[in-house]
Amino acid sequence: KAGVTQTPRYLIKTRGQQVTLSCSPISGHRSVSWYQQTPGQGLQFLFEYFSETQRNKGNFPGRFSGRQFSNSRSEMNVSTLELGDSALYLCASSPGTSGAYNEQFFGPGTRLTVL
Amino acid sequence: GIQVEQSPPDLILQEGANSTLRCNFSDSVNNLQWFHQNPWGQLINLFYIPSGTKQNGRLSATTVATERYSLLYISSSQTTDSGVYFCAAKTGANNLFFGTGTRLTVIP
């Protein structure tokens with residue numbers, strides 16, 4: 001079974017631009033979660049999508065948004081990029097149907113650099 | 001959210017030595033996972049262990065949910081074990097709270 005895939009793997013943007021990252025979960029998984037990893041803040045939860053609906057949200061500004069498609073693929077968007085948005089963005093896939101009891105599997109990440 | 005603390009923050013071992021990494025969490029959990037982050041940033045699943053003990057080769061893990069901690073044991077360490085180890089826990093919602101990690105360096 002194929003793992004979680006994320007595209008692109010690397011991205012360089014300038015301040016004020018916007019960016020869209022993509023995640024394809026493991027086949028059959030309906031939950032996709034997004035995390036941000038920075039040296040200063042560590043790994044932090046952004047949001048979770050399940051069956052095309054945002055089910056859970058972390059403490060990030062509204063510039064961070066996401067969506068999920070009917071095939072469970074998910075995108076996250078960051079608008080008006082700031083230098084502090086430079087980070088590794090990780091996507092996690094889980095079955096999602098048992099609520100809190102699912103093991104999460106992570107993709108390789110997208111490394112975003114904002115200049 | 002739940003607080004997750006890992007210790008030690010850094011660990012340097014001679015190849016062949018054993019080690020124990022600890023993870024404390026502040027509330028009852030229904031999911032506890034251990035990960036190894038490879039040099040390219042991907043989180044590799046080691047254990048899904050909300051309670052009890054599991055073993056996988058030279059690695060094993062124990063979670064004592066009633067006392068709110070989990071331990072990861074690495075035996076006969078190898079240089080390829082180097083990297084950052086994270087534990088992560090979740091409670092009611094489907095999002096993981098991560099510890100700050102243990103950076104393990106295994107020297108030959």
# chains A, B, ... in the order shown; residues from 1 in each chain; ligands from 1

$ closest_atom_pairs --of "chain A" --to "chain B" --cutoff "9 Å" --atoms "only C-alpha atoms" --output "JSON lines"
{"residue": "A:Ser31", "atom": "CA", "partner": "B:Asn94", "partner_atom": "CA", "distance": 8.7}
{"residue": "A:Ser33", "atom": "CA", "partner": "B:Asn95", "partner_atom": "CA", "distance": 7.3}
{"residue": "A:Gln41", "atom": "CA", "partner": "B:Thr100", "partner_atom": "CA", "distance": 8.7}
{"residue": "A:Gly42", "atom": "CA", "partner": "B:Thr100", "partner_atom": "CA", "distance": 6.3}
{"residue": "A:Leu43", "atom": "CA", "partner": "B:Phe98", "partner_atom": "CA", "distance": 6.1}
{"residue": "A:Gln44", "atom": "CA", "partner": "B:Phe97", "partner_atom": "CA", "distance": 7.2}
{"residue": "A:Phe45", "atom": "CA", "partner": "B:Asn95", "partner_atom": "CA", "distance": 6.6}
{"residue": "A:Leu46", "atom": "CA", "partner": "B:Asn95", "partner_atom": "CA", "distance": 8.9}
{"residue": "A:Phe47", "atom": "CA", "partner": "B:Asn95", "partner_atom": "CA", "distance": 8.0}
{"residue": "A:Glu48", "atom": "CA", "partner": "B:Asn95", "partner_atom": "CA", "distance": 7.3}
{"residue": "A:Arg55", "atom": "CA", "partner": "B:Asn94", "partner_atom": "CA", "distance": 8.5}
{"residue": "A:Asn56", "atom": "CA", "partner": "B:Ala93", "partner_atom": "CA", "distance": 7.2}
{"residue": "A:Lys57", "atom": "CA", "partner": "B:Asn95", "partner_atom": "CA", "distance": 8.7}
{"residue": "A:Gly58", "atom": "CA", "partner": "B:Asn95", "partner_atom": "CA", "distance": 8.7}
{"residue": "A:Leu88", "atom": "CA", "partner": "B:Gly41", "partner_atom": "CA", "distance": 7.7}
{"residue": "A:Leu90", "atom": "CA", "partner": "B:Gln42", "partner_atom": "CA", "distance": 8.0}
{"residue": "A:Gly96", "atom": "CA", "partner": "B:Asn94", "partner_atom": "CA", "distance": 7.6}
{"residue": "A:Gly99", "atom": "CA", "partner": "B:Asn94", "partner_atom": "CA", "distance": 6.2}
{"residue": "A:Ala100", "atom": "CA", "partner": "B:Asn94", "partner_atom": "CA", "distance": 5.0}
{"residue": "A:Tyr101", "atom": "CA", "partner": "B:Asn31", "partner_atom": "CA", "distance": 6.0}
{"residue": "A:Asn102", "atom": "CA", "partner": "B:Asn31", "partner_atom": "CA", "distance": 7.5}
{"residue": "A:Glu103", "atom": "CA", "partner": "B:Tyr48", "partner_atom": "CA", "distance": 6.3}
{"residue": "A:Gln104", "atom": "CA", "partner": "B:Asn45", "partner_atom": "CA", "distance": 8.3}
{"residue": "A:Phe105", "atom": "CA", "partner": "B:Asn45", "partner_atom": "CA", "distance": 6.9}
{"residue": "A:Phe106", "atom": "CA", "partner": "B:Leu43", "partner_atom": "CA", "distance": 6.0}
{"residue": "A:Gly107", "atom": "CA", "partner": "B:Gln42", "partner_atom": "CA", "distance": 6.5}
{"residue": "A:Pro108", "atom": "CA", "partner": "B:Gln42", "partner_atom": "CA", "distance": 4.5}
{"residue": "A:Gly109", "atom": "CA", "partner": "B:Gln42", "partner_atom": "CA", "distance": 6.4}
{"residue": "A:Arg111", "atom": "CA", "partner": "B:Gly41", "partner_atom": "CA", "distance": 8.9}

$ residues_around --residues "segment 77-87 of chain A" --least-positions-apart "6" --cutoff "10 Å" --atoms "only C-alpha atoms" --output "PyMOL selection string"
chain A and resi 11-22+35-39+42-43+61-67+109-115

$ residues_around --residues "Asn24 of chain B" --least-positions-apart "5" --cutoff "6 Å" --atoms "only C-alpha atoms" --output "PDB file with C-alpha atoms, in the first residue's frame"
ATOM      1  CA  VAL B   4       4.100  16.189  26.616  1.00  0.00           C
ATOM      2  CA  GLU B   5       7.605  16.222  28.053  1.00  0.00           C
ATOM      3  CA  ARG B  68       1.046   9.000  32.504  1.00  0.00           C
ATOM      4  CA  TYR B  69       4.367   7.996  31.043  1.00  0.00           C
TER       5      TYR B  69
END

$ residues_around --residues "Thr62 of chain B" --least-positions-apart "4" --cutoff "8 Å" --atoms "only C-alpha atoms" --output "list in words"
Ile49, Ser51, Gly52, Thr53, Lys54, Ser70, Leu71 and Leu72 of chain B

$ select_by_dssp --residues "chain B" --states "helix (DSSP H, G or I)" --output "PyMOL selection string"
chain B and resi 65-67+79-81

$ select_by_dssp --residues "chain A" --states "strand (DSSP E or B)" --output "ChimeraX atom specification"
/A:5-7,10-13,19-24,31-38,42-50,53-57,64-68,74-78,87-94,105-106,110-114

$ residues_around --residues "Gln14 of chain B" --least-positions-apart "3" --cutoff "7 Å" --atoms "only C-alpha atoms" --output "PyMOL selection string"
chain B and resi 17+106-108

$ closest_residue --among "B:Thr80, B:His36, B:Leu21, B:Ser26" --to "Ala61 of chain B" --atoms "only C-alpha atoms"
B:Leu21
